[in-house]
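*Asks:* Supplied structure: my_file-v4.txt, compact mmCIF, C-alpha atoms and all ligand atoms.
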# COMPACT_ATOMS: atom_id res chain seq x y z
CA MET A 1 24.81 1.09 3.06
CA ASN A 2 21.67 -0.80 2.07
CA GLU A 3 20.93 -3.17 -0.72
CA VAL A 4 17.59 -3.11 -2.52
CA PRO A 5 14.81 -2.78 0.09
CA ALA A 6 12.73 -5.90 0.72
CA HIS A 7 9.51 -3.99 1.38
CA VAL A 8 8.43 -0.63 -0.01
CA GLY A 9 5.18 1.15 0.83
CA ILE A 10 3.79 3.88 -1.43
CA ILE A 11 1.38 6.68 -0.54
CA MET A 12 0.10 7.38 -4.05
CA ASP A 13 -0.83 11.05 -3.73
CA GLY A 14 -1.73 13.74 -6.24
CA ASN A 15 -4.34 12.11 -8.49
CA GLY A 16 -6.86 14.88 -7.80
CA ARG A 17 -4.36 17.67 -8.42
CA TRP A 18 -3.20 16.03 -11.64
CA ALA A 19 -6.77 16.08 -12.97
CA GLU A 20 -7.62 19.55 -11.65
CA ALA A 21 -4.51 21.00 -13.34
CA ARG A 22 -5.96 19.77 -16.64
CA GLY A 23 -9.49 21.01 -15.94
CA ARG A 24 -10.67 17.41 -15.75
CA PRO A 25 -12.76 15.62 -13.08
CA ARG A 26 -10.82 14.15 -10.15
CA THR A 27 -11.88 10.69 -11.23
CA ASP A 28 -9.70 11.06 -14.37
CA GLY A 29 -6.75 11.45 -12.00
CA HIS A 30 -7.59 8.16 -10.29
CA LEU A 31 -7.91 6.41 -13.64
CA GLU A 32 -4.45 7.67 -14.59
CA GLY A 33 -3.26 6.72 -11.09
CA LEU A 34 -4.36 3.15 -11.68
CA LYS A 35 -2.28 3.01 -14.88
CA THR A 36 0.71 4.27 -12.90
CA ALA A 37 0.14 1.65 -10.20
CA ARG A 38 0.27 -1.10 -12.84
CA LYS A 39 3.50 0.38 -14.25
CA ILE A 40 5.12 0.64 -10.83
CA VAL A 41 4.20 -2.95 -9.89
CA GLY A 42 6.22 -4.02 -12.97
CA ALA A 43 9.09 -1.71 -12.01
CA ALA A 44 9.08 -3.12 -8.47
CA VAL A 45 9.29 -6.69 -9.78
CA ARG A 46 12.22 -5.73 -12.02
CA SER A 47 14.00 -4.05 -9.10
CA GLY A 48 13.96 -7.29 -7.09
CA LEU A 49 11.54 -6.12 -4.39
CA GLN A 50 9.78 -8.79 -2.33
CA TYR A 51 6.85 -6.76 -0.96
CA LEU A 52 5.09 -3.68 -2.30
CA THR A 53 2.30 -2.08 -0.25
CA LEU A 54 0.08 0.39 -2.11
CA TYR A 55 -2.08 2.80 -0.10
CA VAL A 56 -5.20 2.65 -2.23
CA PHE A 57 -8.03 3.75 0.07
CA SER A 58 -7.79 4.90 3.67
CA THR A 59 -10.31 4.65 6.51
CA GLU A 60 -10.62 8.45 6.10
CA ASN A 61 -11.28 8.37 2.34
CA TRP A 62 -14.98 7.57 2.99
CA LYS A 63 -15.34 11.32 3.68
CA ARG A 64 -15.01 12.01 -0.07
CA THR A 65 -18.08 12.35 -2.31
CA ARG A 66 -20.03 9.20 -3.00
CA THR A 67 -19.14 9.53 -6.72
CA GLU A 68 -15.40 9.58 -5.98
CA VAL A 69 -15.58 6.74 -3.44
CA ASN A 70 -17.60 4.56 -5.83
CA PHE A 71 -15.23 5.37 -8.67
CA ILE A 72 -12.11 4.37 -6.68
CA LEU A 73 -13.73 1.15 -5.43
CA GLY A 74 -14.84 0.39 -8.99
CA LEU A 75 -11.25 0.83 -10.17
CA VAL A 76 -10.06 -1.56 -7.48
CA LYS A 77 -12.53 -4.18 -8.69
CA ARG A 78 -11.42 -3.68 -12.29
CA TYR A 79 -7.78 -3.96 -11.24
CA LEU A 80 -8.39 -7.21 -9.37
CA ILE A 81 -10.26 -8.81 -12.25
CA ALA A 82 -7.93 -7.55 -15.00
CA GLU A 83 -4.62 -8.30 -13.27
CA LEU A 84 -5.29 -11.85 -12.08
CA GLU A 85 -3.87 -13.31 -15.29
CA TYR A 86 -0.68 -11.21 -14.94
CA TYR A 87 -0.35 -12.23 -11.28
CA ARG A 88 -0.68 -15.87 -12.35
CA LYS A 89 1.82 -15.57 -15.20
CA ASP A 90 4.47 -13.78 -13.12
CA HIS A 91 3.72 -15.71 -9.90
CA LEU A 92 2.86 -12.55 -7.95
CA ARG A 93 0.87 -12.83 -4.76
CA LEU A 94 -1.88 -10.39 -3.82
CA ARG A 95 -2.64 -9.57 -0.19
CA HIS A 96 -4.89 -7.14 1.62
CA ALA A 97 -4.31 -4.86 4.58
CA GLY A 98 -7.21 -3.07 6.22
CA ASP A 99 -10.69 -3.68 7.54
CA LYS A 100 -12.37 -6.08 5.12
CA ALA A 101 -15.59 -6.04 7.15
CA GLY A 102 -16.09 -2.37 6.27
CA LEU A 103 -15.80 -2.89 2.50
CA PRO A 104 -18.71 -3.51 0.14
CA ALA A 105 -19.30 -7.28 0.03
CA GLU A 106 -18.53 -7.63 -3.70
CA ILE A 107 -15.12 -5.90 -3.31
CA ALA A 108 -14.26 -7.96 -0.22
CA ALA A 109 -15.20 -11.13 -2.14
CA GLU A 110 -13.09 -10.16 -5.16
CA ILE A 111 -10.08 -9.43 -2.92
CA GLN A 112 -10.54 -12.77 -1.20
CA ASN A 113 -10.75 -14.50 -4.56
CA VAL A 114 -7.47 -13.03 -5.88
CA CYS A 115 -5.74 -13.56 -2.51
CA ASP A 116 -6.81 -17.23 -2.55
CA GLU A 117 -5.91 -17.72 -6.22
CA THR A 118 -2.39 -16.35 -5.70
CA LYS A 119 -1.63 -17.54 -2.17
CA ASP A 120 0.97 -20.11 -3.26
CA HIS A 121 2.83 -17.80 -5.61
CA ALA A 122 6.44 -17.27 -4.57
CA GLY A 123 7.08 -14.01 -6.46
CA MET A 124 6.70 -10.45 -5.24
CA GLN A 125 3.76 -9.79 -2.93
CA VAL A 126 1.54 -6.80 -3.64
CA ILE A 127 -0.37 -5.65 -0.59
CA LEU A 128 -3.36 -3.43 -1.30
CA ALA A 129 -4.06 -1.21 1.69
CA LEU A 130 -7.77 -0.74 1.24
CA ASN A 131 -10.08 0.63 3.92
CA TYR A 132 -6.80 0.81 5.77
CA GLY A 133 -5.80 3.07 8.66
CA GLY A 134 -2.72 2.58 10.83
CA ARG A 135 -4.59 3.43 14.02
CA ASP A 136 -7.50 1.22 13.02
CA GLU A 137 -5.11 -1.69 12.40
CA ILE A 138 -3.62 -1.32 15.90
CA VAL A 139 -7.11 -1.17 17.44
CA ARG A 140 -8.14 -4.29 15.49
CA SER A 141 -4.98 -6.05 16.67
CA LEU A 142 -5.83 -5.26 20.30
CA ARG A 143 -9.42 -6.44 19.80
CA ARG A 144 -8.15 -9.76 18.39
CA ILE A 145 -5.88 -10.18 21.41
CA ILE A 146 -8.74 -9.50 23.85
CA ALA A 147 -11.05 -11.84 21.94
CA GLU A 148 -8.46 -14.63 22.31
CA ASP A 149 -7.48 -14.02 25.92
CA LYS A 150 -8.60 -11.15 28.15
CA THR A 151 -5.71 -11.75 30.56
CA ALA A 152 -2.94 -11.71 27.91
CA MET A 153 0.29 -9.89 28.77
CA VAL A 154 0.34 -7.31 25.99
CA ASP A 155 3.74 -6.47 24.57
CA GLU A 156 5.09 -5.34 21.20
CA ASN A 157 5.46 -8.88 19.90
CA LEU A 158 1.86 -9.73 20.73
CA ILE A 159 0.47 -6.60 19.07
CA HIS A 160 2.65 -7.27 16.03
CA ALA A 161 1.47 -10.89 15.84
CA HIS A 162 -2.16 -9.72 15.60
CA LEU A 163 -1.69 -7.10 12.87
CA ASP A 164 -3.24 -7.74 9.44
CA ASN A 165 -0.15 -9.40 7.92
CA PRO A 166 2.24 -10.31 10.73
CA ASP A 167 4.49 -12.43 8.50
CA ILE A 168 5.37 -9.50 6.24
CA PRO A 169 8.56 -7.67 7.27
CA ASP A 170 8.28 -4.00 8.21
CA PRO A 171 8.63 -1.60 5.27
CA ASP A 172 12.21 -0.46 4.71
CA LEU A 173 11.15 2.49 2.61
CA ILE A 174 7.95 4.53 2.41
CA ILE A 175 7.52 6.69 -0.66
CA ARG A 176 5.08 9.58 -0.80
CA THR A 177 4.35 11.40 -4.02
CA ALA A 178 2.94 14.89 -4.67
CA GLY A 179 5.28 16.60 -2.22
CA GLU A 180 3.38 16.10 1.04
CA PHE A 181 5.34 15.47 4.25
CA ARG A 182 2.73 13.44 6.16
CA THR A 183 2.22 9.80 7.11
CA SER A 184 -1.59 10.07 6.71
CA ASN A 185 -2.17 7.04 8.96
CA PHE A 186 -0.15 4.68 6.72
CA LEU A 187 1.63 1.68 8.32
CA LEU A 188 1.98 3.50 11.66
CA TRP A 189 3.15 0.42 13.57
CA GLU A 190 5.15 -1.27 10.83
CA GLY A 191 6.73 1.95 9.56
CA ALA A 192 8.30 2.95 12.88
CA TYR A 193 11.82 2.70 11.43
CA ALA A 194 11.08 3.08 7.74
CA GLU A 195 13.12 5.47 5.65
CA TYR A 196 10.99 8.07 3.90
CA TYR A 197 11.29 9.34 0.34
CA ILE A 198 9.18 12.30 -0.72
CA SER A 199 8.77 13.09 -4.41
CA SER A 200 7.22 16.32 -5.62
CA THR A 201 5.95 14.54 -8.74
CA LEU A 202 2.22 13.76 -8.77
CA TRP A 203 1.40 10.04 -8.74
CA PRO A 204 -0.07 9.90 -12.29
CA ASP A 205 3.22 11.33 -13.61
CA TRP A 206 5.37 8.72 -11.85
CA THR A 207 7.47 6.44 -14.05
CA GLU A 208 9.86 3.54 -13.54
CA GLU A 209 12.66 6.11 -13.47
CA HIS A 210 11.10 7.88 -10.46
CA PHE A 211 10.77 4.54 -8.71
CA ASN A 212 14.37 3.54 -9.42
CA LYS A 213 15.56 6.93 -8.14
CA ALA A 214 13.70 6.33 -4.85
CA ILE A 215 15.30 2.88 -4.52
CA ALA A 216 18.75 4.34 -5.25
CA SER A 217 18.19 7.01 -2.60
CA TYR A 218 17.34 4.29 -0.07
CA SER A 219 20.37 2.21 -1.01
CA GLY A 220 22.66 5.15 -0.32
CA ARG A 221 21.41 5.69 3.23
CA GLN A 222 22.68 4.24 6.46
CA ARG A 223 20.00 2.93 8.84
CA LYS A 224 20.60 3.09 12.57
CA PHE A 225 17.37 1.84 14.17
CA GLY A 226 18.01 4.10 17.16
CA ALA A 227 21.62 2.97 17.63
CA VAL A 228 24.76 4.96 16.76
CA SER A 229 26.69 4.67 13.50
CA THR A 230 29.67 2.37 13.54
C1 LIG B 301 -4.64 10.05 -3.58
O1 LIG B 301 -4.74 11.15 -4.45
C2 LIG B 301 -5.14 8.85 -4.21
C3 LIG B 301 -6.17 8.06 -3.77
C4 LIG B 301 -6.93 8.34 -2.54
C5 LIG B 301 -6.63 6.89 -4.54
C6 LIG B 301 -5.54 5.98 -5.03
C7 LIG B 301 -6.12 5.06 -6.02
C8 LIG B 301 -5.54 4.68 -7.15
C9 LIG B 301 -4.19 5.11 -7.57
C10 LIG B 301 -6.27 3.78 -8.08
C11 LIG B 301 -6.40 2.35 -7.59
C12 LIG B 301 -5.12 1.61 -7.56
C13 LIG B 301 -5.01 0.26 -7.42
C14 LIG B 301 -3.67 -0.36 -7.37
C15 LIG B 301 -6.17 -0.61 -7.34
P1 LIG B 301 -5.70 12.35 -4.07
O2 LIG B 301 -7.03 12.09 -4.67
O3 LIG B 301 -5.73 12.54 -2.58
O4 LIG B 301 -4.98 13.53 -4.78
P2 LIG B 301 -5.00 15.08 -4.33
O5 LIG B 301 -4.32 15.15 -2.99
O6 LIG B 301 -4.21 15.73 -5.42
O7 LIG B 301 -6.42 15.52 -4.28
What's the structure tokens form of this structure?
Ligand code: FPP
*Replies:*
Amino acid sequence: MNEVPAHVGIIMDGNGRWAEARGRPRTDGHLEGLKTARKIVGAAVRSGLQYLTLYVFSTENWKRTRTEVNFILGLVKRYLIAELEYYRKDHLRLRHAGDKAGLPAEIAAEIQNVCDETKDHAGMQVILALNYGGRDEIVRSLRRIIAEDKTAMVDENLIHAHLDNPDIPDPDLIIRTAGEFRTSNFLLWEGAYAEYYISSTLWPDWTEEHFNKAIASYSGRQRKFGAVST
């Protein structure tokens, strides 16, 4: 049986449905989703987690309306500015996964600023997956390899070493809210052996109790990594 996972990834789904069910604009769902994200970061710290990856904005999310895209990116900026003090106080470290080059310059600069400010913090690491796609990350890894050495012998270790955050251990548990059974291009390489936990509850309705239940479910499972149980 497992202890507390070291690394949990969350696909925070259901913001739009939460708002639509209340006859409110989808953006209200994202605003509520941001509040939940702040709550769950606290819950993750209290649970003893070392790494928490939040799927904030995918490489496919650009297909949404300009209003929705701008609203989500605006929320990210607000989060980064507002939370820096909390990250300092609790020694949390912020990291980014995804294609920074494809982000608006002011968001990329703000991410860089908080990443730099918190880089020596030894507490839990929060990884914001922003303009992130699992396939895109693998392609970018291969491009980095080719840029370094066209004749390199490509193997799993080399691809892994050129991912966005090669020092971060693979996620032990991936949580998806709002009842969908899809990976949606999240941590495709790193999540190869992750345990999955699907919750029917929409992300804005998630509480610390939901999070703890997911962790307890993980702790009760036996992982085999392709081998047989002993
Ligand atoms: C998925 O719900 C949610 C998103 C694409 C955005 C997630 C963003 C946040 C929670 C706010 C920012 C958070 C941080 C930590 C900066 P959906 O819109 O796909 O919901 P639906 O499937 O019900 O339409």
*Asks:* Which residues sit within 8 Å of ligand LIG 301 (chain B), counting all atoms listed in the file, listed as a PyMOL selection string?
*Replies:* chain A and resi 11-19+26+29-38+54-58+61+72-73+75-80+128+178+202-204
*Asks:* Compile the contact shell of Val154 (chain A) as a list in words: residues with an atom at most 12 Å away, counting all atoms listed in the file, same-chain residues fewer than 5 positions apart removed.
*Replies:*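 The residues satisfying every condition are Ser141, Leu142, Arg143, Arg144, Ile145, Ile146, Asp149, Ile159, His160, Ala161 and His162 of chain A.
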*Asks:* Could you check the closest approach to Arg221 (chain A) for each of A:Ala192, A:His7, A:Asp172, A:Ile81 and tell me which residue wins, using all atoms listed in the file?
*Replies:*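 Residue with the minimum atom-to-atom distance to Arg221 (chain A): A:Asp172.
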*Asks:* Go through A:Tyr87, A:Tyr197, A:Tyr132, A:Phe71 one by one, measure the shortest atom-to-atom distance of each to Asp99 (chain A) using all atoms listed in the file, and give the residue with the smallest value.
*Replies:*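 Closest candidate: A:Tyr132.
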*Asks:* Quick check, in Å to one decimal: how far apart do CA of Thr201 (chain A) and CA of Thr177 (chain A) lie?
*Replies:*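 Computing the Euclidean distance for CA of Thr201 (chain A) and CA of Thr177 (chain A) yields 5.9 Å.
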*Asks:* Have a look at CA of Trp189 (chain A) and CA of Ile138 (chain A) and let me know their distance in Å, one decimal.
*Replies:*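 Pair CA of Trp189 (chain A) / CA of Ile138 (chain A) returns 7.4 Å.
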*Asks:* Go ahead and compute the interatomic distance for CA of Lys89 (chain A) and CA of Val8 (chain A), in Å to one decimal.
*Replies:*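 That distance, rounded to one decimal, is 22.3 Å.
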*Asks:* Using only C-alpha atoms, find the one residue out of A:Val139, A:Leu84, A:Ala21, A:Ala152 that sits nearest to Lys119 (chain A).
*Replies:*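 Using only C-alpha atoms, Lys119 (chain A) sits closest to A:Leu84.
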*Asks:* Once you count all atoms listed in the file, which residues end up no further than 9 Å from (-0.1, -17.3, -10.4) in the file's frame, shown as a ChimeraX atom specification?
*Replies:* /A:84-93,117-123
*Asks:* Between A:Leu130, A:Ala214, A:Ala6, A:Cys115, which residue has the minimum interatomic distance to Ile40 (chain A), considering all atoms listed in the file?
*Replies:*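 Of A:Leu130, A:Ala214, A:Ala6, A:Cys115, the one nearest Ile40 (chain A) is A:Ala214, counting all atoms listed in the file.
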*Asks:* Pick from A:Ser200, A:Asn165, A:Gly9, A:Glu3: nearest to Gly179 (chain A), with all atoms listed in the file counted?
*Replies:* A:Ser200
*Asks:* Which one of A:Ile174, A:Ala101, A:Leu94, A:Ala129 sits closest to Asn113 (chain A) if you count all atoms listed in the file?
*Replies:*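 Distance minimum relative to Asn113 (chain A) lands on A:Leu94.
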